[in-house]
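These notes are about the structure you will find just below.
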Amino acid sequence: MSDQPWISDVYSLNGHFGGGEWQYPENLVVGDTAIMIGKLFYERPDFQLVIGNASVKIIDTLTLPYTANQGGKLTSVQLIRFLITDQMGVGQKRPVTLIANGITTNCKPINILSFPASAGKTDTTFQVDSITTWMPDDAILFAQNYHSLLRSAHTDQEGNIFFDNKYGMYKIAAGKTTQIIKAGDSFNNESAPFSIVQLLGTAVTYDGNTIYFSAETNETAADVKDHYVFRLCKMNLVTRSVTTINRTLVTTATSALKTDGSPYQGDISKLQVVAANLNLSHDGMLFYSNYFAPDDDVEDHLNWYRNISQAQLNMDFVANCVYMICRLDAGGHVTVLMSNPLFYNTPGYPAASSLYSLDPTGKYVYGYVYDNAFNTRTVQYDVIQQQLAGVFDYYTHFIFKSYETDPALQSPYFAYSAGYMPVPSLFLPLIDGSVINVSAESIYNYDLQNLVAYCYAGTELGLLNPNEVQTGSTGKAKFVDFTNANFIGQDRTGTVYYCGRVDDYTNGVTFYKLHSKK
């Protein structure tokens, strides 16, 4: 029916609003700018798109060609953008109803998430609790090879922690640790059976139902002779079914011809990918670093293989390979956001490293670059606009706001330079848009938009130097020593999760949560 309103499941935006493949959203966050595409009839007087308890208020519209027209009758579809509001109601499976031309269409429900607003100042009720300590049975193996007990970690909306190392992936729920994947596990999927040799990285969706993992695999296929084999996969944690997103071969010897590993962007199933540093935004978009090593007539890739097998926290691989920070959209299209063109002419904004941090909304990636004097600068890269949104270096001064009432614990400095911010992979972007990082024994919070900084946890004095006050590992956050904190993420309540040392082969890794007692 030509008057029947409907919403599409998928559409290729071809760069509109910085997008690639758009899919009907499953999860949205209050404050998000959402997109719907279809035959909406928003110009009609009775048009309404109702989500949960409220009708949307359109920000802007666009008419797009309908590339899959049926019988040549439909030539265009309509796009609208609108804000997700509290009035729609927070929760799972919020109903979506499209009304136009006197016809009511019930569309697929969506999940709406909400996060507490930032206090913008030191929360004096912050408390640190220990969750659990994990020690592998084969700790001697980690110690002998200097492998990190934890290489990457993430949390879902409920505060469950997922972490990995070279030999496995684990989940911590209610203080109990269970293994999800281990080296040697075998999987039968749609392509061919394979087993895990080593993990290169993992990530979990914010709803906690799906994991992504990158691994070197062992296979019996005919094409694996004289090659390392790598797969990027996703697993449904309920059914444990595994889908291979990409399978890539890297030769173990020199080649007759030198190649550059292109193409670097496009359909992921057609690209060459060795993925690490996996992260997922709250809407389920996958971000990763690609360290693929192209064929080379001089290099035999042994040094490269040793590098990617080091399995150390926050380690960038230094070898003859590509260095790219990439985004995989819902339609399987890869965009290179930033890259280091050290060995190959790769696309994206020039970066000094493939280490990065991800804003949980997926809007920004934080990396670092060199200036003309080879000093490093922290950059905020806008994923949608595909351009820099901010550059922060030694000369970028933040206004320091003091909330300390004890003069003995106040910082003597009331201006702070972001030049002291570490490699972006070490700080944590929060759900309120600010970022935090450890400085000495305390934690800084940076409002990058307004150039304001304050002490997030610990004492202001502890931002500069060790002191006699911050000696604990749990309890009131003001008196906790955060020196060895490695950030993991935030849950839907705003609680921050972190772990301690990842190279303590005697005592293991201890996991903590930093939360408000309000």
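If you're wondering about the labels, chains in the structure tokens are A, B, ... by order shown, residues count from 1 in each chain, ligands from 1 in order shown.
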
Dump as CSV the rows for residues of stretch 21-48 of chain A within 12 Å of stretch 429-439 of chain A: closest atom pair and distance in Å with one decimal, only C-alpha atoms counted, ordered by chain and rising residue number.
```
residue,atom,partner,partner_atom,distance
A:Val29,CA,A:Ile431,CA,10.2
A:Val30,CA,A:Ile431,CA,11.2
A:Gly31,CA,A:Asp432,CA,10.6
A:Asp32,CA,A:Ile431,CA,11.8
```

Would you write out those residues with N, CA and C atoms, as a compact mmCIF listing (two decimals), in the first residue's frame?
```txt
# COMPACT_ATOMS: atom_id res chain seq x y z
N VAL A 29 20.46 5.56 24.34
CA VAL A 29 20.71 6.17 25.64
C VAL A 29 20.04 7.53 25.69
N VAL A 30 19.45 7.88 26.83
CA VAL A 30 18.85 9.20 27.00
C VAL A 30 19.90 10.27 26.64
N GLY A 31 19.52 11.17 25.74
CA GLY A 31 20.44 12.19 25.25
C GLY A 31 21.00 11.88 23.88
N ASP A 32 20.88 10.62 23.42
CA ASP A 32 21.34 10.24 22.09
C ASP A 32 20.53 10.97 21.02
```

Near stretch 227-249 of chain A, 8 Å: stretch 268-288 of chain A residue rows, closest pairs, only C-alpha atoms, as JSON lines:
```
{"residue": "A:Ile268", "atom": "CA", "partner": "A:Asn246", "partner_atom": "CA", "distance": 6.4}
{"residue": "A:Ser269", "atom": "CA", "partner": "A:Asn246", "partner_atom": "CA", "distance": 5.1}
{"residue": "A:Lys270", "atom": "CA", "partner": "A:Asn246", "partner_atom": "CA", "distance": 7.8}
{"residue": "A:Leu271", "atom": "CA", "partner": "A:Asn246", "partner_atom": "CA", "distance": 7.6}
{"residue": "A:Gln272", "atom": "CA", "partner": "A:Thr248", "partner_atom": "CA", "distance": 5.4}
{"residue": "A:Val273", "atom": "CA", "partner": "A:Thr248", "partner_atom": "CA", "distance": 6.0}
{"residue": "A:Val274", "atom": "CA", "partner": "A:Phe230", "partner_atom": "CA", "distance": 6.3}
{"residue": "A:Ala275", "atom": "CA", "partner": "A:Leu232", "partner_atom": "CA", "distance": 7.0}
```

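Atom to atom, atom CA of A:Thr75 and atom CA of A:Thr63 stand 10.1 Å apart.
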
A:Tyr42 surroundings by only C-alpha atoms, 9 Å radius, close-in-sequence under 3 positions cut, as a count of residues only
10

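Listed by chain and then by rising number, the residues of stretch 227-396 of chain A that DSSP assigns to alpha helix (DSSP H) from the backbone are Leu302, Asn303, Trp304, Tyr305, Arg306, Asn307 and Ile308 of chain A.
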
Compile the contact shell of A:Glu441 as an mmCIF file with C-alpha atoms, in the first residue's frame: residues with an atom at most 10 Å away, counting only C-alpha atoms, same-chain residues fewer than 2 positions apart removed.
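After the write, around-v6.cif holds the following:
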```cif
data_model
loop_
_atom_site.group_PDB
_atom_site.id
_atom_site.type_symbol
_atom_site.label_atom_id
_atom_site.label_comp_id
_atom_site.auth_asym_id
_atom_site.auth_seq_id
_atom_site.Cartn_x
_atom_site.Cartn_y
_atom_site.Cartn_z
ATOM 1 C CA VAL A 438 45.507 8.294 37.646
ATOM 2 C CA SER A 439 48.041 10.891 38.711
ATOM 3 C CA ILE A 443 42.520 10.395 40.122
ATOM 4 C CA ALA A 457 38.973 10.510 43.941
ATOM 5 C CA GLY A 458 41.750 10.520 46.530
ATOM 6 C CA THR A 459 43.210 13.765 47.842
ATOM 7 C CA GLU A 460 44.237 16.826 45.845
ATOM 8 C CA LEU A 461 47.694 16.570 47.367
ATOM 9 C CA GLY A 462 47.852 12.993 46.102
ATOM 10 C CA LEU A 463 47.494 14.215 42.524
ATOM 11 C CA LEU A 464 51.066 15.452 42.726
ATOM 12 C CA ASN A 465 52.991 13.270 45.133
ATOM 13 C CA PRO A 466 52.637 10.246 47.405
ATOM 14 C CA ASN A 467 51.439 11.135 50.891
ATOM 15 C CA GLN A 470 46.331 7.542 51.117
ATOM 16 C CA THR A 471 47.457 4.149 52.337
ATOM 17 C CA PHE A 479 42.179 7.636 51.667
ATOM 18 C CA VAL A 480 42.759 5.004 48.956
ATOM 19 C CA ASP A 481 46.036 4.769 47.042
ATOM 20 C CA PHE A 482 45.129 4.525 43.328
ATOM 21 C CA THR A 483 48.738 4.295 42.083
ATOM 22 C CA ASN A 484 48.317 0.919 40.353
ATOM 23 C CA ALA A 485 44.705 1.340 39.195
#
```

If we count only C-alpha atoms and set the cut-off at 12 Å, which residues sit around stretch 204-208 of chain A, ignoring sequence neighbours fewer than 3 positions away in its own chain? Please answer as a compact mmCIF listing (two decimals) with all heavy atoms, in the first residue's frame.
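Result saved to selection.txt:
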```
# COMPACT_ATOMS: atom_id res chain seq x y z
N GLU A 26 18.73 -1.07 18.46
CA GLU A 26 18.30 -1.98 19.52
C GLU A 26 18.43 -1.33 20.88
O GLU A 26 17.56 -1.48 21.74
CB GLU A 26 19.12 -3.26 19.48
CG GLU A 26 18.75 -4.26 20.56
CD GLU A 26 19.58 -5.52 20.50
OE1 GLU A 26 20.36 -5.69 19.54
OE2 GLU A 26 19.49 -6.34 21.43
N ASN A 27 19.54 -0.57 21.09
CA ASN A 27 19.78 0.12 22.35
C ASN A 27 20.05 1.59 22.10
O ASN A 27 20.84 1.94 21.20
CB ASN A 27 21.00 -0.49 23.07
CG ASN A 27 20.80 -1.95 23.43
OD1 ASN A 27 19.91 -2.29 24.19
ND2 ASN A 27 21.63 -2.80 22.84
N LEU A 28 19.41 2.46 22.86
CA LEU A 28 19.65 3.90 22.79
C LEU A 28 19.78 4.43 24.21
O LEU A 28 19.27 3.84 25.16
CB LEU A 28 18.52 4.61 22.05
CG LEU A 28 18.42 4.32 20.54
CD1 LEU A 28 17.11 4.85 19.97
CD2 LEU A 28 19.60 4.95 19.80
N VAL A 29 20.46 5.56 24.34
CA VAL A 29 20.71 6.17 25.64
C VAL A 29 20.04 7.53 25.69
O VAL A 29 20.03 8.26 24.68
CB VAL A 29 22.23 6.33 25.89
CG1 VAL A 29 22.50 7.00 27.22
CG2 VAL A 29 22.92 4.97 25.82
N GLY A 91 14.12 1.75 30.13
CA GLY A 91 13.86 0.34 30.36
C GLY A 91 14.00 -0.49 29.12
O GLY A 91 14.34 0.00 28.03
N GLN A 92 13.73 -1.77 29.27
CA GLN A 92 13.84 -2.72 28.17
C GLN A 92 12.56 -2.72 27.33
O GLN A 92 11.46 -2.53 27.84
CB GLN A 92 14.09 -4.14 28.72
CG GLN A 92 15.33 -4.27 29.58
CD GLN A 92 16.60 -4.12 28.78
OE1 GLN A 92 16.80 -4.78 27.76
NE2 GLN A 92 17.49 -3.24 29.23
N ASN A 111 15.47 -0.70 23.53
CA ASN A 111 15.88 -0.57 24.93
C ASN A 111 16.43 0.83 25.14
O ASN A 111 17.28 1.29 24.35
CB ASN A 111 16.94 -1.60 25.29
CG ASN A 111 16.49 -3.01 25.00
OD1 ASN A 111 15.33 -3.37 25.23
ND2 ASN A 111 17.39 -3.84 24.48
N ILE A 112 15.97 1.53 26.16
CA ILE A 112 16.45 2.87 26.46
C ILE A 112 17.21 2.84 27.77
O ILE A 112 16.68 2.41 28.81
CB ILE A 112 15.30 3.89 26.53
CG1 ILE A 112 14.59 3.99 25.17
CG2 ILE A 112 15.82 5.26 26.95
CD1 ILE A 112 13.45 4.99 25.14
N LEU A 113 18.46 3.28 27.72
CA LEU A 113 19.32 3.32 28.90
C LEU A 113 19.45 4.76 29.38
O LEU A 113 19.26 5.71 28.61
CB LEU A 113 20.71 2.78 28.56
CG LEU A 113 20.77 1.40 27.89
CD1 LEU A 113 22.20 1.10 27.47
CD2 LEU A 113 20.25 0.34 28.82
N SER A 152 43.15 -6.98 28.67
CA SER A 152 42.07 -6.02 28.43
C SER A 152 40.87 -6.43 29.25
O SER A 152 40.72 -7.61 29.61
CB SER A 152 41.71 -5.93 26.94
OG SER A 152 41.12 -7.13 26.47
N ALA A 153 40.02 -5.46 29.58
CA ALA A 153 38.84 -5.74 30.42
C ALA A 153 37.75 -4.74 30.11
O ALA A 153 38.01 -3.59 29.72
CB ALA A 153 39.21 -5.68 31.90
N HIS A 154 36.50 -5.18 30.27
CA HIS A 154 35.33 -4.35 30.03
C HIS A 154 34.24 -4.71 31.04
O HIS A 154 34.30 -5.78 31.67
CB HIS A 154 34.80 -4.55 28.61
CG HIS A 154 35.81 -4.33 27.53
ND1 HIS A 154 36.70 -5.31 27.13
CD2 HIS A 154 36.10 -3.24 26.80
CE1 HIS A 154 37.49 -4.83 26.18
NE2 HIS A 154 37.15 -3.56 25.96
N THR A 155 33.25 -3.85 31.16
CA THR A 155 32.12 -4.15 32.02
C THR A 155 30.82 -3.97 31.25
O THR A 155 30.76 -3.16 30.31
CB THR A 155 32.12 -3.25 33.27
OG1 THR A 155 31.04 -3.61 34.13
CG2 THR A 155 31.97 -1.80 32.90
N ASP A 156 29.80 -4.73 31.64
CA ASP A 156 28.49 -4.54 31.03
C ASP A 156 27.66 -3.60 31.90
O ASP A 156 28.14 -3.08 32.92
CB ASP A 156 27.78 -5.87 30.77
CG ASP A 156 27.43 -6.64 32.05
OD1 ASP A 156 27.46 -6.03 33.14
OD2 ASP A 156 27.12 -7.84 31.95
N GLN A 157 26.40 -3.39 31.52
CA GLN A 157 25.59 -2.40 32.23
C GLN A 157 25.28 -2.81 33.67
O GLN A 157 24.96 -1.96 34.51
CB GLN A 157 24.29 -2.16 31.47
CG GLN A 157 23.39 -3.38 31.34
CD GLN A 157 22.16 -3.10 30.51
OE1 GLN A 157 21.93 -1.98 30.07
NE2 GLN A 157 21.35 -4.12 30.27
N GLU A 158 25.36 -4.08 33.97
CA GLU A 158 25.07 -4.55 35.32
C GLU A 158 26.30 -4.61 36.22
O GLU A 158 26.20 -4.99 37.39
CB GLU A 158 24.41 -5.95 35.25
CG GLU A 158 23.12 -5.99 34.47
CD GLU A 158 22.07 -5.03 35.03
OE1 GLU A 158 22.04 -4.84 36.26
OE2 GLU A 158 21.29 -4.47 34.23
N GLY A 159 27.47 -4.26 35.67
CA GLY A 159 28.68 -4.29 36.46
C GLY A 159 29.42 -5.61 36.46
O GLY A 159 30.36 -5.80 37.23
N ASN A 160 29.02 -6.54 35.59
CA ASN A 160 29.79 -7.76 35.40
C ASN A 160 31.06 -7.42 34.64
O ASN A 160 31.03 -6.66 33.66
CB ASN A 160 28.98 -8.80 34.64
CG ASN A 160 27.71 -9.18 35.36
OD1 ASN A 160 27.72 -9.48 36.55
ND2 ASN A 160 26.59 -9.14 34.64
N ILE A 161 32.17 -7.98 35.05
CA ILE A 161 33.47 -7.68 34.43
C ILE A 161 33.88 -8.83 33.52
O ILE A 161 33.80 -10.00 33.90
CB ILE A 161 34.54 -7.45 35.51
CG1 ILE A 161 34.20 -6.21 36.34
CG2 ILE A 161 35.93 -7.29 34.87
CD1 ILE A 161 35.10 -6.02 37.54
N PHE A 162 34.33 -8.50 32.33
CA PHE A 162 34.85 -9.47 31.37
C PHE A 162 36.30 -9.09 31.10
O PHE A 162 36.58 -7.96 30.72
CB PHE A 162 34.05 -9.44 30.07
CG PHE A 162 32.61 -9.85 30.22
CD1 PHE A 162 31.67 -8.98 30.80
CD2 PHE A 162 32.17 -11.10 29.78
CE1 PHE A 162 30.34 -9.36 30.95
CE2 PHE A 162 30.84 -11.47 29.92
CZ PHE A 162 29.93 -10.60 30.51
N PHE A 163 37.22 -10.02 31.29
CA PHE A 163 38.63 -9.71 31.04
C PHE A 163 39.30 -10.88 30.32
O PHE A 163 38.79 -12.00 30.28
CB PHE A 163 39.36 -9.37 32.34
CG PHE A 163 39.62 -10.52 33.27
CD1 PHE A 163 40.84 -11.20 33.25
CD2 PHE A 163 38.65 -10.94 34.17
CE1 PHE A 163 41.08 -12.26 34.12
CE2 PHE A 163 38.89 -12.00 35.05
CZ PHE A 163 40.11 -12.66 35.02
N ASP A 164 40.46 -10.58 29.74
CA ASP A 164 41.17 -11.62 29.00
C ASP A 164 42.66 -11.52 29.22
O ASP A 164 43.18 -10.51 29.72
CB ASP A 164 40.85 -11.53 27.50
CG ASP A 164 41.40 -10.27 26.84
OD1 ASP A 164 42.62 -10.17 26.65
OD2 ASP A 164 40.60 -9.37 26.51
N MET A 169 39.50 -16.00 28.29
CA MET A 169 38.61 -14.89 28.61
C MET A 169 37.73 -15.33 29.78
O MET A 169 37.29 -16.47 29.85
CB MET A 169 37.73 -14.53 27.41
CG MET A 169 36.80 -13.36 27.68
SD MET A 169 35.70 -12.99 26.29
CE MET A 169 34.92 -11.48 26.89
N TYR A 170 37.44 -14.37 30.67
CA TYR A 170 36.77 -14.69 31.92
C TYR A 170 35.67 -13.68 32.21
O TYR A 170 35.71 -12.53 31.74
CB TYR A 170 37.78 -14.68 33.08
CG TYR A 170 38.99 -15.54 32.83
CD1 TYR A 170 40.07 -15.06 32.09
CD2 TYR A 170 39.06 -16.84 33.32
CE1 TYR A 170 41.19 -15.85 31.83
CE2 TYR A 170 40.17 -17.64 33.08
CZ TYR A 170 41.23 -17.14 32.34
OH TYR A 170 42.33 -17.92 32.09
N LYS A 171 34.70 -14.11 33.03
CA LYS A 171 33.62 -13.24 33.48
C LYS A 171 33.57 -13.25 35.00
O LYS A 171 33.62 -14.32 35.62
CB LYS A 171 32.27 -13.69 32.91
CG LYS A 171 31.08 -12.88 33.40
CD LYS A 171 29.77 -13.42 32.85
CE LYS A 171 28.57 -12.63 33.36
NZ LYS A 171 27.28 -13.15 32.82
N ILE A 172 33.47 -12.05 35.59
CA ILE A 172 33.28 -11.93 37.03
C ILE A 172 31.86 -11.43 37.28
O ILE A 172 31.49 -10.33 36.83
CB ILE A 172 34.29 -10.96 37.66
CG1 ILE A 172 35.73 -11.43 37.40
CG2 ILE A 172 34.04 -10.81 39.15
CD1 ILE A 172 36.78 -10.44 37.85
N ALA A 173 31.06 -12.22 37.95
CA ALA A 173 29.69 -11.84 38.31
C ALA A 173 29.45 -12.24 39.75
O ALA A 173 29.74 -13.37 40.14
CB ALA A 173 28.69 -12.53 37.39
N ILE A 180 35.20 -18.24 30.07
CA ILE A 180 34.33 -18.29 28.89
C ILE A 180 35.03 -19.01 27.75
O ILE A 180 34.45 -19.87 27.09
CB ILE A 180 33.93 -16.87 28.46
CG1 ILE A 180 33.17 -16.15 29.58
CG2 ILE A 180 33.07 -16.92 27.19
CD1 ILE A 180 32.89 -14.70 29.28
N GLY A 201 42.51 -10.27 21.89
CA GLY A 201 41.66 -9.25 22.49
C GLY A 201 40.21 -9.69 22.52
O GLY A 201 39.80 -10.58 21.77
N ILE A 211 29.83 -11.51 23.15
CA ILE A 211 31.24 -11.12 23.20
C ILE A 211 31.83 -11.15 21.80
O ILE A 211 31.35 -11.88 20.91
CB ILE A 211 32.06 -12.03 24.13
CG1 ILE A 211 32.04 -13.48 23.63
CG2 ILE A 211 31.59 -11.92 25.56
CD1 ILE A 211 33.06 -14.38 24.31
N TYR A 212 32.86 -10.37 21.59
CA TYR A 212 33.68 -10.41 20.39
C TYR A 212 35.08 -10.84 20.82
O TYR A 212 35.55 -10.42 21.88
CB TYR A 212 33.74 -9.04 19.71
CG TYR A 212 32.46 -8.63 19.01
CD1 TYR A 212 31.34 -8.24 19.74
CD2 TYR A 212 32.37 -8.63 17.63
CE1 TYR A 212 30.17 -7.86 19.11
CE2 TYR A 212 31.20 -8.24 16.98
CZ TYR A 212 30.11 -7.86 17.73
OH TYR A 212 28.94 -7.49 17.10
N PHE A 213 35.72 -11.66 20.01
CA PHE A 213 37.09 -12.02 20.34
C PHE A 213 37.93 -12.13 19.06
O PHE A 213 37.43 -12.48 18.00
CB PHE A 213 37.17 -13.32 21.15
CG PHE A 213 36.70 -14.57 20.46
CD1 PHE A 213 37.57 -15.34 19.69
CD2 PHE A 213 35.38 -15.00 20.60
CE1 PHE A 213 37.14 -16.50 19.07
CE2 PHE A 213 34.94 -16.16 19.98
CZ PHE A 213 35.82 -16.91 19.22
N CYS A 233 35.78 -12.92 15.72
CA CYS A 233 34.51 -13.66 15.88
C CYS A 233 33.61 -12.98 16.90
O CYS A 233 34.06 -12.16 17.71
CB CYS A 233 34.78 -15.09 16.36
SG CYS A 233 35.86 -16.06 15.30
N LYS A 234 32.34 -13.35 16.87
CA LYS A 234 31.44 -12.97 17.95
C LYS A 234 30.72 -14.22 18.45
O LYS A 234 30.49 -15.17 17.70
CB LYS A 234 30.43 -11.90 17.51
CG LYS A 234 29.41 -12.32 16.49
CD LYS A 234 28.46 -11.15 16.22
CE LYS A 234 27.41 -11.50 15.18
NZ LYS A 234 26.48 -10.37 14.95
N MET A 235 30.41 -14.21 19.74
CA MET A 235 29.78 -15.37 20.37
C MET A 235 28.54 -14.94 21.15
O MET A 235 28.59 -13.99 21.93
CB MET A 235 30.76 -16.06 21.33
CG MET A 235 30.12 -17.22 22.12
SD MET A 235 31.12 -17.79 23.51
CE MET A 235 32.42 -18.66 22.62
N ASN A 236 27.45 -15.64 20.93
CA ASN A 236 26.26 -15.49 21.75
C ASN A 236 26.50 -16.24 23.05
O ASN A 236 26.70 -17.46 23.05
CB ASN A 236 25.04 -16.04 21.01
CG ASN A 236 23.75 -15.87 21.79
OD1 ASN A 236 23.65 -16.24 22.94
ND2 ASN A 236 22.76 -15.30 21.13
N LEU A 237 26.49 -15.53 24.18
CA LEU A 237 26.83 -16.17 25.45
C LEU A 237 25.75 -17.11 25.95
O LEU A 237 26.02 -17.97 26.80
CB LEU A 237 27.12 -15.11 26.51
CG LEU A 237 28.44 -14.35 26.34
CD1 LEU A 237 28.60 -13.31 27.43
CD2 LEU A 237 29.63 -15.30 26.33
N VAL A 238 24.54 -16.98 25.44
CA VAL A 238 23.46 -17.87 25.85
C VAL A 238 23.57 -19.22 25.14
O VAL A 238 23.53 -20.29 25.76
CB VAL A 238 22.08 -17.24 25.58
CG1 VAL A 238 20.97 -18.22 25.94
CG2 VAL A 238 21.94 -15.94 26.36
N LEU A 278 40.18 -4.42 21.32
CA LEU A 278 38.75 -4.41 20.98
C LEU A 278 37.95 -3.62 22.01
O LEU A 278 38.17 -3.74 23.22
CB LEU A 278 38.20 -5.84 20.92
CG LEU A 278 38.38 -6.63 19.62
CD1 LEU A 278 39.84 -6.80 19.26
CD2 LEU A 278 37.69 -7.98 19.73
N ASN A 279 37.01 -2.80 21.52
CA ASN A 279 36.08 -2.07 22.37
C ASN A 279 34.74 -1.97 21.67
O ASN A 279 34.68 -1.90 20.43
CB ASN A 279 36.59 -0.65 22.67
CG ASN A 279 37.77 -0.64 23.62
OD1 ASN A 279 37.62 -0.81 24.81
ND2 ASN A 279 38.97 -0.43 23.07
N LEU A 280 33.67 -1.93 22.45
CA LEU A 280 32.32 -1.77 21.91
C LEU A 280 31.67 -0.54 22.52
O LEU A 280 31.72 -0.32 23.73
CB LEU A 280 31.46 -3.00 22.22
CG LEU A 280 31.72 -4.24 21.36
CD1 LEU A 280 31.29 -5.49 22.09
CD2 LEU A 280 30.99 -4.12 20.02
N SER A 281 31.04 0.29 21.68
CA SER A 281 30.25 1.39 22.19
C SER A 281 28.93 0.85 22.72
O SER A 281 28.57 -0.30 22.47
CB SER A 281 30.00 2.42 21.08
OG SER A 281 29.38 1.81 19.95
N HIS A 282 28.21 1.66 23.45
CA HIS A 282 26.96 1.20 24.04
C HIS A 282 25.92 0.78 23.00
O HIS A 282 25.02 -0.01 23.30
CB HIS A 282 26.38 2.29 24.94
CG HIS A 282 27.11 2.44 26.23
ND1 HIS A 282 26.89 3.47 27.11
CD2 HIS A 282 28.08 1.68 26.81
CE1 HIS A 282 27.68 3.35 28.16
NE2 HIS A 282 28.42 2.28 27.99
N ASP A 283 26.02 1.32 21.78
CA ASP A 283 25.08 0.93 20.73
C ASP A 283 25.58 -0.26 19.92
O ASP A 283 24.99 -0.62 18.90
CB ASP A 283 24.76 2.10 19.81
CG ASP A 283 25.99 2.64 19.08
OD1 ASP A 283 27.11 2.14 19.32
OD2 ASP A 283 25.84 3.56 18.25
N GLY A 284 26.66 -0.90 20.35
CA GLY A 284 27.09 -2.15 19.75
C GLY A 284 28.04 -2.05 18.59
O GLY A 284 28.32 -3.05 17.93
N MET A 285 28.61 -0.85 18.32
CA MET A 285 29.59 -0.73 17.24
C MET A 285 30.96 -1.18 17.75
O MET A 285 31.38 -0.81 18.86
CB MET A 285 29.68 0.71 16.73
CG MET A 285 28.37 1.26 16.18
SD MET A 285 27.71 0.36 14.77
CE MET A 285 26.35 -0.51 15.57
N LEU A 286 31.67 -1.96 16.95
CA LEU A 286 32.96 -2.51 17.35
C LEU A 286 34.10 -1.63 16.86
O LEU A 286 34.16 -1.26 15.69
CB LEU A 286 33.13 -3.92 16.78
CG LEU A 286 34.46 -4.62 17.09
CD1 LEU A 286 34.59 -4.92 18.58
CD2 LEU A 286 34.62 -5.90 16.27
N PHE A 287 35.03 -1.33 17.76
CA PHE A 287 36.25 -0.58 17.45
C PHE A 287 37.43 -1.50 17.75
O PHE A 287 37.40 -2.27 18.72
CB PHE A 287 36.34 0.69 18.29
CG PHE A 287 35.27 1.71 17.99
CD1 PHE A 287 33.96 1.51 18.41
CD2 PHE A 287 35.57 2.88 17.31
CE1 PHE A 287 32.97 2.44 18.15
CE2 PHE A 287 34.59 3.82 17.04
CZ PHE A 287 33.29 3.60 17.46
N PRO A 360 32.18 5.95 25.57
CA PRO A 360 31.19 4.86 25.59
C PRO A 360 30.03 5.04 24.62
O PRO A 360 29.41 4.06 24.22
CB PRO A 360 30.72 4.84 27.05
CG PRO A 360 31.14 6.13 27.64
CD PRO A 360 32.36 6.55 26.90
N THR A 361 29.73 6.28 24.23
CA THR A 361 28.67 6.49 23.24
C THR A 361 29.13 6.17 21.82
O THR A 361 28.31 6.06 20.92
CB THR A 361 28.17 7.95 23.28
OG1 THR A 361 29.22 8.82 22.81
CG2 THR A 361 27.75 8.35 24.67
N ILE A 488 38.63 -0.10 33.99
CA ILE A 488 37.91 -1.10 33.20
C ILE A 488 36.69 -0.49 32.51
O ILE A 488 36.51 -0.63 31.32
CB ILE A 488 37.48 -2.28 34.09
CG1 ILE A 488 38.73 -3.02 34.60
CG2 ILE A 488 36.56 -3.24 33.33
CD1 ILE A 488 38.43 -4.10 35.62
N GLY A 489 35.83 0.21 33.26
CA GLY A 489 34.65 0.81 32.66
C GLY A 489 33.64 1.21 33.71
O GLY A 489 33.92 1.18 34.92
N GLN A 490 32.44 1.60 33.27
CA GLN A 490 31.35 2.02 34.14
C GLN A 490 30.11 1.20 33.85
O GLN A 490 29.84 0.83 32.70
CB GLN A 490 31.00 3.49 33.90
CG GLN A 490 31.87 4.49 34.62
CD GLN A 490 31.37 5.90 34.37
OE1 GLN A 490 31.36 6.39 33.25
NE2 GLN A 490 30.96 6.58 35.44
N ASP A 491 29.30 0.95 34.89
CA ASP A 491 28.01 0.32 34.68
C ASP A 491 26.94 1.41 34.54
O ASP A 491 27.25 2.61 34.51
CB ASP A 491 27.68 -0.67 35.79
CG ASP A 491 27.50 -0.01 37.16
OD1 ASP A 491 27.30 1.22 37.22
OD2 ASP A 491 27.57 -0.73 38.17
N ARG A 492 25.68 1.01 34.45
CA ARG A 492 24.61 1.98 34.19
C ARG A 492 24.36 2.91 35.38
O ARG A 492 23.70 3.94 35.23
CB ARG A 492 23.32 1.25 33.82
CG ARG A 492 22.81 0.26 34.86
CD ARG A 492 21.60 -0.50 34.35
NE ARG A 492 21.18 -1.55 35.26
CZ ARG A 492 20.42 -1.35 36.33
NH1 ARG A 492 19.97 -0.14 36.59
NH2 ARG A 492 20.09 -2.35 37.11
```

Quick one: of A:Ala351, A:Leu98, A:Met36, A:Val90, who's nearest to A:Gln4, counting only C-alpha atoms?
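Result for the nearest residue to A:Gln4: A:Leu98.
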
Residues at most 10 Å from A:Thr217, counting only C-alpha atoms, excluding those fewer than 3 positions away in the same chain, as a PyMOL selection string?
chain A and resi 183-186+193-199+214+228-231+247

Selection from above, C-alpha atoms, as a compact mmCIF listing (two decimals), in the first residue's frame, can you write it?
```
# COMPACT_ATOMS: atom_id res chain seq x y z
CA ALA A 183 43.37 -21.67 24.57
CA GLY A 184 42.73 -25.04 22.98
CA ASP A 185 38.94 -24.64 22.80
CA SER A 186 37.47 -25.88 19.52
CA PRO A 193 36.28 -26.07 12.54
CA PHE A 194 39.05 -24.23 14.38
CA SER A 195 40.68 -24.13 17.80
CA ILE A 196 42.16 -21.25 19.78
CA VAL A 197 45.95 -20.89 19.83
CA GLN A 198 46.00 -17.53 21.63
CA LEU A 199 43.66 -14.60 22.21
CA SER A 214 40.19 -11.90 18.15
CA TYR A 228 49.43 -17.93 10.69
CA VAL A 229 45.63 -17.86 10.83
CA PHE A 230 43.60 -15.19 12.63
CA ARG A 231 39.88 -14.83 13.18
CA ARG A 247 39.42 -14.74 8.66
```
